[in-house]
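See below for upload-v1.csv, which holds CSV, C-alpha atoms and all ligand atoms.
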```
chain,number,residue,atom,x,y,z
A,1,MET,CA,109.7,89.2,90.7
A,2,VAL,CA,109.9,92.9,91.8
A,3,GLY,CA,107.1,94.1,93.9
A,4,GLY,CA,105.2,90.8,94.0
A,5,GLY,CA,104.2,90.8,90.3
A,6,ASN,CA,101.8,88.0,89.7
A,7,TRP,CA,102.6,86.0,92.8
A,8,TYR,CA,98.9,85.2,93.5
A,9,THR,CA,98.2,84.0,89.9
A,10,GLY,CA,97.6,80.3,89.5
A,11,GLU,CA,95.9,79.8,92.8
A,12,ASN,CA,92.5,78.3,92.8
A,13,TYR,CA,89.9,81.0,93.3
A,14,ASP,CA,87.0,78.6,93.8
A,15,PRO,CA,85.8,78.7,97.4
A,16,ASP,CA,86.2,75.6,99.4
A,17,PRO,CA,83.0,73.6,98.7
A,18,ASN,CA,82.7,72.9,102.4
A,19,LEU,CA,82.6,76.6,103.3
A,20,LYS,CA,79.6,77.8,105.3
A,21,ILE,CA,78.3,81.3,104.9
A,22,TRP,CA,76.2,83.3,107.3
A,23,LEU,CA,73.5,85.0,105.2
A,24,ASP,CA,70.7,87.0,106.8
A,25,GLY,CA,70.9,85.1,110.0
A,26,LYS,CA,71.3,81.6,108.7
A,27,ILE,CA,74.4,79.4,108.2
A,28,ILE,CA,74.2,77.9,104.7
A,29,PRO,CA,76.6,76.1,102.3
A,30,VAL,CA,78.5,78.5,100.1
A,31,GLN,CA,76.8,77.0,97.0
A,32,GLU,CA,73.5,78.3,98.3
A,33,ALA,CA,74.7,81.7,99.3
A,34,ARG,CA,73.4,83.9,96.6
A,35,ILE,CA,72.8,87.6,96.1
A,36,SER,CA,70.4,89.0,93.5
A,37,VAL,CA,71.5,90.7,90.3
A,38,PHE,CA,69.2,93.5,91.4
A,39,ASP,CA,71.1,94.1,94.7
A,40,HIS,CA,72.2,97.7,94.9
A,41,GLY,CA,75.4,96.6,96.5
A,42,LEU,CA,76.3,95.1,93.2
A,43,LEU,CA,74.6,97.6,90.9
A,44,TYR,CA,75.9,100.7,92.6
A,45,GLY,CA,78.4,99.7,95.3
A,46,ASP,CA,75.7,100.7,97.7
A,47,GLY,CA,76.6,99.0,101.0
A,48,VAL,CA,79.3,98.8,103.7
A,49,PHE,CA,81.7,96.2,104.9
A,50,GLU,CA,84.3,95.2,107.4
A,51,GLY,CA,87.4,93.2,107.2
A,52,ILE,CA,88.2,91.5,110.5
A,53,ARG,CA,90.7,89.0,111.7
A,54,SER,CA,90.5,86.3,114.4
A,55,TYR,CA,93.7,84.9,115.9
A,56,ASN,CA,93.7,81.7,117.8
A,57,GLY,CA,89.9,81.6,117.5
A,58,ARG,CA,89.5,85.1,119.0
A,59,VAL,CA,88.2,88.0,117.1
A,60,PHE,CA,90.7,90.9,117.3
A,61,GLU,CA,89.3,94.4,118.1
A,62,ARG,CA,85.7,93.1,117.7
A,63,ASP,CA,84.0,96.1,119.2
A,64,ALA,CA,86.1,98.6,117.1
A,65,HIS,CA,85.1,96.8,113.9
A,66,LEU,CA,81.4,96.5,114.8
A,67,ARG,CA,81.3,100.2,115.8
A,68,ARG,CA,82.9,101.2,112.6
A,69,LEU,CA,80.4,99.1,110.6
A,70,PHE,CA,77.5,100.7,112.3
A,71,HIS,CA,79.0,104.2,111.8
A,72,SER,CA,79.6,103.5,108.1
A,73,ALA,CA,76.0,102.3,107.8
A,74,LYS,CA,74.7,105.3,109.6
A,75,ALA,CA,76.6,107.6,107.3
A,76,ILE,CA,74.8,106.1,104.2
A,77,GLN,CA,71.5,105.8,106.1
A,78,LEU,CA,71.5,102.1,105.7
A,79,GLU,CA,69.7,100.4,108.5
A,80,ILE,CA,71.5,97.1,109.3
A,81,PRO,CA,68.6,94.6,109.8
A,82,PHE,CA,70.3,93.1,112.9
A,83,THR,CA,71.2,94.5,116.3
A,84,TYR,CA,74.7,95.1,117.4
A,85,ASP,CA,74.5,91.9,119.5
A,86,GLU,CA,73.2,89.8,116.6
A,87,VAL,CA,76.0,91.1,114.3
A,88,ASP,CA,78.5,90.4,117.1
A,89,ARG,CA,77.2,86.8,117.4
A,90,SER,CA,77.3,86.3,113.6
A,91,LEU,CA,81.1,86.5,113.7
A,92,ASP,CA,81.4,83.6,116.2
A,93,GLN,CA,78.6,81.7,114.5
A,94,THR,CA,80.4,81.8,111.1
A,95,LEU,CA,83.7,80.9,112.7
A,96,GLU,CA,82.2,78.0,114.5
A,97,ALA,CA,80.4,76.7,111.4
A,98,ASN,CA,83.7,76.6,109.7
A,99,GLY,CA,85.7,75.0,112.5
A,100,LEU,CA,87.6,78.3,113.1
A,101,LEU,CA,86.4,79.0,116.6
A,102,HIS,CA,89.4,77.1,117.7
A,103,PRO,CA,92.5,78.1,119.7
A,104,GLU,CA,94.8,76.9,116.9
A,105,ARG,CA,93.0,78.5,114.0
A,106,ASP,CA,93.3,82.0,112.5
A,107,ALA,CA,90.8,83.5,110.0
A,108,TYR,CA,90.0,86.5,108.0
A,109,ILE,CA,86.3,87.5,108.3
A,110,ARG,CA,84.5,89.6,105.7
A,111,LEU,CA,81.2,91.1,106.9
A,112,VAL,CA,79.1,92.7,104.2
A,113,VAL,CA,75.9,94.7,104.3
A,114,THR,CA,74.3,95.6,101.0
A,115,ARG,CA,71.4,98.0,100.4
A,116,GLY,CA,69.5,95.0,99.1
A,117,VAL,CA,67.3,94.3,96.1
A,118,GLY,CA,65.8,97.3,94.4
A,119,VAL,CA,64.5,98.4,91.1
A,120,LEU,CA,67.0,99.8,88.6
A,121,GLY,CA,67.9,103.4,89.4
A,122,ILE,CA,70.1,104.5,92.2
A,123,SER,CA,67.5,105.6,94.7
A,124,PRO,CA,67.8,103.6,98.0
A,125,ARG,CA,64.1,104.5,98.6
A,126,ARG,CA,63.2,101.9,96.0
A,127,THR,CA,65.1,99.1,97.6
A,128,TRP,CA,63.7,96.6,100.1
A,129,LYS,CA,65.5,94.9,102.9
A,130,PRO,CA,69.3,95.2,103.3
A,131,LYS,CA,71.2,92.0,103.1
A,132,MET,CA,74.0,90.9,105.4
A,133,TYR,CA,76.5,88.2,105.0
A,134,VAL,CA,79.6,86.9,106.7
A,135,ILE,CA,82.4,85.0,105.0
A,136,THR,CA,85.3,83.4,106.8
A,137,ALA,CA,88.4,82.9,104.7
A,138,THR,CA,92.1,83.5,104.7
A,139,ILE,CA,93.8,86.5,103.2
A,140,GLN,CA,97.3,87.2,102.1
A,141,MET,CA,97.5,90.7,100.9
A,142,TYR,CA,101.2,90.8,100.0
A,143,ALA,CA,103.8,88.2,99.2
A,144,PRO,CA,105.4,86.8,102.4
A,145,GLU,CA,108.9,88.0,101.5
A,146,MET,CA,107.6,91.6,101.6
A,147,TYR,CA,107.3,91.3,105.4
A,148,GLU,CA,111.0,90.4,105.6
A,149,LYS,CA,112.6,92.5,102.9
A,150,GLY,CA,110.1,95.3,102.7
A,151,MET,CA,107.9,96.4,99.8
A,152,PRO,CA,108.5,98.9,97.0
A,153,VAL,CA,105.6,101.3,96.4
A,154,ILE,CA,104.7,104.2,94.2
A,155,VAL,CA,102.8,107.4,94.8
A,156,SER,CA,99.6,107.1,92.8
A,157,SER,CA,98.5,109.7,90.2
A,158,PHE,CA,94.9,109.1,91.3
A,159,THR,CA,93.7,111.6,93.9
A,160,ARG,CA,92.1,110.1,97.1
A,161,ASN,CA,88.4,110.6,97.2
A,162,HIS,CA,87.5,114.0,98.7
A,163,ASN,CA,86.0,113.9,102.2
A,164,ASN,CA,83.0,115.7,100.8
A,165,ALA,CA,82.6,113.5,97.7
A,166,MET,CA,82.9,109.9,98.9
A,167,PRO,CA,84.2,110.1,102.5
A,168,PRO,CA,87.0,107.6,102.9
A,169,ARG,CA,86.0,107.1,106.5
A,170,ILE,CA,82.9,105.2,105.2
A,171,LYS,CA,84.0,101.6,104.5
A,172,SER,CA,81.7,101.4,101.6
A,173,LEU,CA,81.4,98.8,98.8
A,174,ASN,CA,82.7,101.3,96.4
A,175,TYR,CA,86.5,100.8,96.2
A,176,LEU,CA,87.1,102.0,92.6
A,177,ASN,CA,89.2,105.0,93.7
A,178,ASN,CA,91.5,102.5,95.5
A,179,ILE,CA,91.3,100.0,92.7
A,180,LEU,CA,92.5,102.5,90.1
A,181,ALA,CA,95.5,103.3,92.3
A,182,LYS,CA,96.1,99.6,92.9
A,183,MET,CA,96.2,98.9,89.2
A,184,GLU,CA,98.7,101.7,88.8
A,185,ALA,CA,100.9,99.8,91.4
A,186,HIS,CA,100.5,96.6,89.4
A,187,ASP,CA,101.5,98.4,86.2
A,188,ALA,CA,104.6,99.8,88.0
A,189,ASN,CA,105.3,96.2,89.2
A,190,VAL,CA,105.2,97.3,92.9
A,191,GLY,CA,103.0,96.1,95.7
A,192,GLU,CA,101.1,99.2,96.7
A,193,ALA,CA,100.3,102.8,95.7
A,194,ILE,CA,100.1,105.7,98.1
A,195,MET,CA,97.3,108.1,97.4
A,196,LEU,CA,97.5,111.8,98.0
A,197,ASN,CA,94.4,113.9,98.6
A,198,HIS,CA,93.3,117.0,96.6
A,199,LEU,CA,95.7,119.2,98.6
A,200,GLY,CA,98.7,117.0,97.9
A,201,HIS,CA,98.7,115.6,101.4
A,202,VAL,CA,99.4,112.0,101.9
A,203,ALA,CA,96.3,110.0,102.6
A,204,GLU,CA,96.8,106.3,102.6
A,205,ALA,CA,97.6,103.2,100.6
A,206,THR,CA,94.8,101.4,98.7
A,207,GLY,CA,93.9,99.1,101.5
A,208,ASP,CA,96.2,100.2,104.4
A,209,ASN,CA,97.0,103.2,106.4
A,210,LEU,CA,100.5,104.7,106.3
A,211,PHE,CA,103.2,105.6,108.9
A,212,ILE,CA,106.6,107.1,108.5
A,213,VAL,CA,109.4,107.5,111.0
A,214,ARG,CA,111.4,110.7,111.1
A,215,ASP,CA,114.0,111.3,113.7
A,216,GLY,CA,112.5,108.6,115.9
A,217,GLN,CA,109.0,110.0,115.8
A,218,LEU,CA,106.1,108.0,114.3
A,219,GLN,CA,104.0,110.1,112.0
A,220,THR,CA,100.7,109.3,110.3
A,221,PRO,CA,98.2,111.4,108.4
A,222,PRO,CA,95.1,112.6,110.3
A,223,THR,CA,91.6,111.3,109.4
A,224,SER,CA,90.9,114.7,107.8
A,225,ALA,CA,93.5,113.8,105.1
A,226,GLY,CA,90.9,111.4,103.6
A,227,ILE,CA,91.6,108.0,105.1
A,228,LEU,CA,89.8,105.1,106.6
A,229,GLU,CA,90.1,105.4,110.4
A,230,GLY,CA,92.1,102.2,110.6
A,231,ILE,CA,91.8,99.9,113.5
A,232,THR,CA,95.4,98.7,113.0
A,233,ARG,CA,96.5,102.3,112.8
A,234,ALA,CA,94.9,103.0,116.2
A,235,THR,CA,96.5,99.9,117.7
A,236,VAL,CA,99.9,100.9,116.3
A,237,ILE,CA,99.6,104.4,117.8
A,238,ARG,CA,98.7,102.9,121.1
A,239,LEU,CA,101.5,100.3,121.1
A,240,ALA,CA,104.0,102.9,120.1
A,241,ARG,CA,103.0,105.2,122.9
A,242,GLU,CA,103.1,102.4,125.4
A,243,ALA,CA,106.6,101.7,124.3
A,244,GLY,CA,107.7,105.3,124.7
A,245,ILE,CA,107.8,106.0,121.0
A,246,GLU,CA,106.3,109.4,120.1
A,247,ALA,CA,103.4,109.0,117.7
A,248,VAL,CA,101.7,111.9,116.0
A,249,GLU,CA,99.0,112.6,113.5
A,250,LYS,CA,100.3,115.1,111.0
A,251,ASP,CA,99.7,116.3,107.5
A,252,LEU,CA,102.4,114.8,105.3
A,253,VAL,CA,103.4,115.7,101.7
A,254,ARG,CA,105.2,113.7,99.1
A,255,MET,CA,108.6,115.0,100.1
A,256,ASP,CA,108.0,113.7,103.7
A,257,LEU,CA,107.8,110.2,102.1
A,258,TYR,CA,111.0,110.7,100.3
A,259,ALA,CA,112.8,112.1,103.4
A,260,ALA,CA,111.5,109.4,105.8
A,261,ASP,CA,113.8,107.2,107.7
A,262,GLU,CA,111.2,104.4,107.7
A,263,CYS,CA,107.8,103.8,106.3
A,264,PHE,CA,105.3,101.0,106.9
A,265,LEU,CA,101.6,100.3,106.1
A,266,THR,CA,99.0,99.0,108.5
A,267,GLY,CA,95.7,97.1,108.0
A,268,THR,CA,93.7,94.2,109.3
A,269,GLY,CA,94.5,92.2,106.2
A,270,ALA,CA,98.1,93.4,105.7
A,271,GLN,CA,98.9,93.7,109.4
A,272,ILE,CA,102.2,95.7,109.4
A,273,VAL,CA,104.2,95.7,106.2
A,274,PRO,CA,107.4,97.6,105.8
A,275,VAL,CA,108.0,99.9,102.8
A,276,THR,CA,111.6,100.1,101.6
A,277,SER,CA,111.2,102.2,98.5
A,278,ILE,CA,108.9,104.9,97.3
A,279,ASP,CA,108.9,105.9,93.6
A,280,ARG,CA,112.2,104.1,93.3
A,281,ARG,CA,113.8,106.1,96.1
A,282,PRO,CA,115.0,103.9,98.9
A,283,VAL,CA,113.4,104.7,102.3
A,284,GLY,CA,116.2,105.4,104.7
A,285,ARG,CA,118.8,102.8,103.9
A,286,GLY,CA,116.4,100.7,101.9
A,287,THR,CA,116.1,98.0,104.5
A,288,VAL,CA,113.4,97.3,107.1
A,289,GLY,CA,114.0,99.8,109.9
A,290,PRO,CA,114.1,99.2,113.7
A,291,VAL,CA,110.8,100.9,114.4
A,292,ALA,CA,109.0,98.9,111.8
A,293,LYS,CA,110.6,95.7,113.1
A,294,PHE,CA,109.6,96.6,116.7
A,295,MET,CA,106.0,97.4,115.7
A,296,MET,CA,105.6,94.1,113.7
A,297,GLN,CA,106.8,92.1,116.8
A,298,ALA,CA,104.6,94.1,119.2
A,299,TYR,CA,101.6,93.7,117.0
A,300,GLU,CA,102.1,90.0,116.6
A,301,GLN,CA,102.5,89.6,120.3
A,302,LEU,CA,99.3,91.6,121.0
A,303,VAL,CA,97.0,89.8,118.6
A,304,ARG,CA,98.1,86.5,120.1
A,305,SER,CA,97.8,87.5,123.7
A,306,ALA,CA,94.6,86.9,125.7
A,307,PRO,CA,92.5,90.1,125.8
A,308,LYS,CA,92.8,92.1,129.0
A,309,LYS,CA,89.5,92.3,130.9
A,310,GLU,CA,88.8,95.8,129.9
A,311,GLU,CA,89.2,94.9,126.2
A,312,VAL,CA,86.4,92.3,126.3
A,313,PRO,CA,83.4,94.0,124.8
A,314,THR,CA,80.9,94.9,127.4
A,315,GLU,CA,78.3,97.6,127.4
A,316,ARG,CA,80.4,100.0,125.4
A,317,GLY,CA,79.9,101.6,122.1
A,318,LEU,CA,76.6,101.3,120.2
A,319,ARG,CA,75.1,99.1,122.8
A,320,ALA,CA,75.4,101.8,125.3
A,321,GLN,CA,74.4,104.6,123.0
A,322,PRO,CA,71.6,103.7,120.6
A,323,ALA,CA,72.4,105.0,117.1
A,401,LIG,N1,92.6,102.1,104.4
A,401,LIG,C1,91.8,101.4,103.6
A,401,LIG,C2,91.4,102.1,102.3
A,401,LIG,C3,91.3,100.1,103.9
A,401,LIG,O1,90.5,99.5,103.1
A,401,LIG,C4,91.8,99.6,105.1
A,401,LIG,C5,91.3,98.2,105.5
A,401,LIG,N2,91.6,97.2,104.7
A,401,LIG,C6,92.6,100.3,106.0
A,401,LIG,C7,93.0,101.5,105.6
A,401,LIG,C8,93.1,99.7,107.3
A,401,LIG,O2,92.1,99.6,108.2
A,401,LIG,P1,92.1,98.5,109.3
A,401,LIG,O3,93.3,98.7,110.1
A,401,LIG,O4,90.9,98.9,110.2
A,401,LIG,O5,91.9,97.2,108.7
```

Show me the file's structure as structure tokens.
Ligand code: PMP
Amino acid sequence: MVGGGNWYTGENYDPDPNLKIWLDGKIIPVQEARISVFDHGLLYGDGVFEGIRSYNGRVFERDAHLRRLFHSAKAIQLEIPFTYDEVDRSLDQTLEANGLLHPERDAYIRLVVTRGVGVLGISPRRTWKPKMYVITATIQMYAPEMYEKGMPVIVSSFTRNHNNAMPPRIKSLNYLNNILAKMEAHDANVGEAIMLNHLGHVAEATGDNLFIVRDGQLQTPPTSAGILEGITRATVIRLAREAGIEAVEKDLVRMDLYAADECFLTGTGAQIVPVTSIDRRPVGRGTVGPVAKFMMQAYEQLVRSAPKKEEVPTERGLRAQPA
């Protein structure tokens, strides 16, 4: 089964009937968690979201995710109908309601804010109150063997959204650009597609940021290349520098991918996944390289370690600087 194929098919997609959802401030059973067919999040992809993980019952990079959520919302002039602190608490409330605020449990958290119900027609002026909900679940983005053996990927023929068209830094509910590329990966029977921007510069994969290693240096595209400003990406850059590995943001082109010694993708859902072939060309020796291996270990260690005092959210971010 090259590239993962249909490894997910056959699983039950029905949510656990005992699942509790946080919807507009209330914890309710999943069967009662409903969104209107007139919600502009559904009609037009008008809304924003976050994908967050908790490890051992602790939300990882909580403040970074919340800040990005508020920045995404600000960019589309969507006023989240809850304060930063309320959104912050919603994470723990949802985890708790599902028995996941527990030192032995991990979870994936999906936080969604939609424009809310409105009349037909795209104008957000004719919508009412935004809706917010939080789901706790598990997520397995790639087949487990990809983390050991590495993943084959392709370069997509779909251009990454232009920064001035649909800025990729907004984590919006409109993921069709990424989905088109993802389908191309499926068609090629590989796990992911790397998207280039309108200049031919490497942007990112469909749900992950990208790193390559060249002569011992870690290189990743800058945000101007048209990427989501990934929180895992920032963590990897920090961990690399702490370990004395040089890490730079740099415009990369397709040939840089083909000439890389190593390549890996990073994301909250994926965590760190090594890439061992690109467009059927082996990356380096076609095996998982030492830098990728090191980063995977360092990341795992970090997410499972108790946060240092300065990492505990305090009066930083939006709480200190009203939006
Ligand atoms: N790029 C895209 C397009 C994404 O959707 C994501 C998140 N799934 C990422 C990159 C990685 O971002 P993060 O590390 O913050 O999850």

Practice problem: Would you please work out which residue, of A:Val273, A:Val134, A:Ile227, A:Val155, is nearest to A:Asp88 when using all atoms listed in the file? | Solution: A:Val134

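When all atoms listed in the file are used to compute distances to A:Arg125, the closest of the residues A:Lys26, A:Arg67, A:His40, A:Arg53 turns out to be A:His40.
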
At a cut-off of 10 Å and counting all atoms listed in the file, what residues surround ligand LIG 401 (chain A)? Please answer as a PDB file with C-alpha atoms, in the coordinates of the input.
```
ATOM      1  CA  PHE A  49      81.700  96.200 104.900  1.00  0.00           C
ATOM      2  CA  GLU A  50      84.300  95.200 107.400  1.00  0.00           C
ATOM      3  CA  GLY A  51      87.400  93.200 107.200  1.00  0.00           C
ATOM      4  CA  ILE A  52      88.200  91.500 110.500  1.00  0.00           C
ATOM      5  CA  ARG A  53      90.700  89.000 111.700  1.00  0.00           C
ATOM      6  CA  GLU A  61      89.300  94.400 118.100  1.00  0.00           C
ATOM      7  CA  ALA A  64      86.100  98.600 117.100  1.00  0.00           C
ATOM      8  CA  HIS A  65      85.100  96.800 113.900  1.00  0.00           C
ATOM      9  CA  ARG A  68      82.900 101.200 112.600  1.00  0.00           C
ATOM     10  CA  MET A 141      97.500  90.700 100.900  1.00  0.00           C
ATOM     11  CA  ARG A 160      92.100 110.100  97.100  1.00  0.00           C
ATOM     12  CA  PRO A 168      87.000 107.600 102.900  1.00  0.00           C
ATOM     13  CA  ARG A 169      86.000 107.100 106.500  1.00  0.00           C
ATOM     14  CA  ILE A 170      82.900 105.200 105.200  1.00  0.00           C
ATOM     15  CA  LYS A 171      84.000 101.600 104.500  1.00  0.00           C
ATOM     16  CA  SER A 172      81.700 101.400 101.600  1.00  0.00           C
ATOM     17  CA  TYR A 175      86.500 100.800  96.200  1.00  0.00           C
ATOM     18  CA  ASN A 177      89.200 105.000  93.700  1.00  0.00           C
ATOM     19  CA  ASN A 178      91.500 102.500  95.500  1.00  0.00           C
ATOM     20  CA  ILE A 179      91.300 100.000  92.700  1.00  0.00           C
ATOM     21  CA  MET A 195      97.300 108.100  97.400  1.00  0.00           C
ATOM     22  CA  ALA A 203      96.300 110.000 102.600  1.00  0.00           C
ATOM     23  CA  GLU A 204      96.800 106.300 102.600  1.00  0.00           C
ATOM     24  CA  ALA A 205      97.600 103.200 100.600  1.00  0.00           C
ATOM     25  CA  THR A 206      94.800 101.400  98.700  1.00  0.00           C
ATOM     26  CA  GLY A 207      93.900  99.100 101.500  1.00  0.00           C
ATOM     27  CA  ASP A 208      96.200 100.200 104.400  1.00  0.00           C
ATOM     28  CA  ASN A 209      97.000 103.200 106.400  1.00  0.00           C
ATOM     29  CA  LEU A 210     100.500 104.700 106.300  1.00  0.00           C
ATOM     30  CA  GLY A 226      90.900 111.400 103.600  1.00  0.00           C
ATOM     31  CA  ILE A 227      91.600 108.000 105.100  1.00  0.00           C
ATOM     32  CA  LEU A 228      89.800 105.100 106.600  1.00  0.00           C
ATOM     33  CA  GLU A 229      90.100 105.400 110.400  1.00  0.00           C
ATOM     34  CA  GLY A 230      92.100 102.200 110.600  1.00  0.00           C
ATOM     35  CA  ILE A 231      91.800  99.900 113.500  1.00  0.00           C
ATOM     36  CA  THR A 232      95.400  98.700 113.000  1.00  0.00           C
ATOM     37  CA  ARG A 233      96.500 102.300 112.800  1.00  0.00           C
ATOM     38  CA  ALA A 234      94.900 103.000 116.200  1.00  0.00           C
ATOM     39  CA  THR A 235      96.500  99.900 117.700  1.00  0.00           C
ATOM     40  CA  VAL A 236      99.900 100.900 116.300  1.00  0.00           C
ATOM     41  CA  LEU A 265     101.600 100.300 106.100  1.00  0.00           C
ATOM     42  CA  THR A 266      99.000  99.000 108.500  1.00  0.00           C
ATOM     43  CA  GLY A 267      95.700  97.100 108.000  1.00  0.00           C
ATOM     44  CA  THR A 268      93.700  94.200 109.300  1.00  0.00           C
ATOM     45  CA  GLY A 269      94.500  92.200 106.200  1.00  0.00           C
ATOM     46  CA  ALA A 270      98.100  93.400 105.700  1.00  0.00           C
ATOM     47  CA  GLN A 271      98.900  93.700 109.400  1.00  0.00           C
ATOM     48  CA  ILE A 272     102.200  95.700 109.400  1.00  0.00           C
TER      49      ILE A 272
END
```

Self-check item: Selected residue of minimal separation from A:Tyr299 among A:Ile109, A:Ala240, A:His186, A:Arg285, counting only C-alpha atoms
Solution: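 Checking each of A:Ile109, A:Ala240, A:His186, A:Arg285 against A:Tyr299, counting only C-alpha atoms, the winner is A:Ala240.
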
Practice problem: For atom CA of A:Asn18 and atom CA of A:Leu95, determine how far apart the two atoms are, in Å to one decimal place. | Solution: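 Atom CA of A:Leu95 lies at a distance of 13.1 Å from atom CA of A:Asn18.
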
Centre and edge lengths, as AutoDock Vina command-line options, for the axis-aligned box enclosing every listed atom of stretch 291-298 of chain A with 4 Å of padding on each of the six sides, in Å to one decimal?
```
--center_x 107.7 --center_y 96.5 --center_z 115.5 --size_x 14.2 --size_y 16.8 --size_z 15.4
```

Quiz item: When you draw a straight line from atom CA of A:Glu249 to atom CA of A:Gln301, how long is it in Å?
Solution: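 Atom-to-atom, atom CA of A:Glu249 to atom CA of A:Gln301, that is 24.2 Å.
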
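Atom CA of A:Arg241 lies 24.6 Å from atom CA of A:Tyr258.
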
Quiz prompt | Test item: residues at most 8 Å from A:Met132, all atoms listed in the file, excluding those fewer than 3 positions along its chain, as a list in words | solution = Leu23, Asp24, Ile80, Pro81, Leu111, Val112, Val113 and Thr114 of chain A

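Considering the residues A:His162, A:Ser90, A:Ile154, A:Val291 and counting all atoms listed in the file, A:Ala225 has its shortest atom-to-atom contact with A:His162.
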
Quiz item: With only C-alpha atoms as the atoms that count, which of A:Pro222, A:Ile278, A:Val248, A:Glu148 lies nearest to A:Ala292?
Solution: A:Glu148
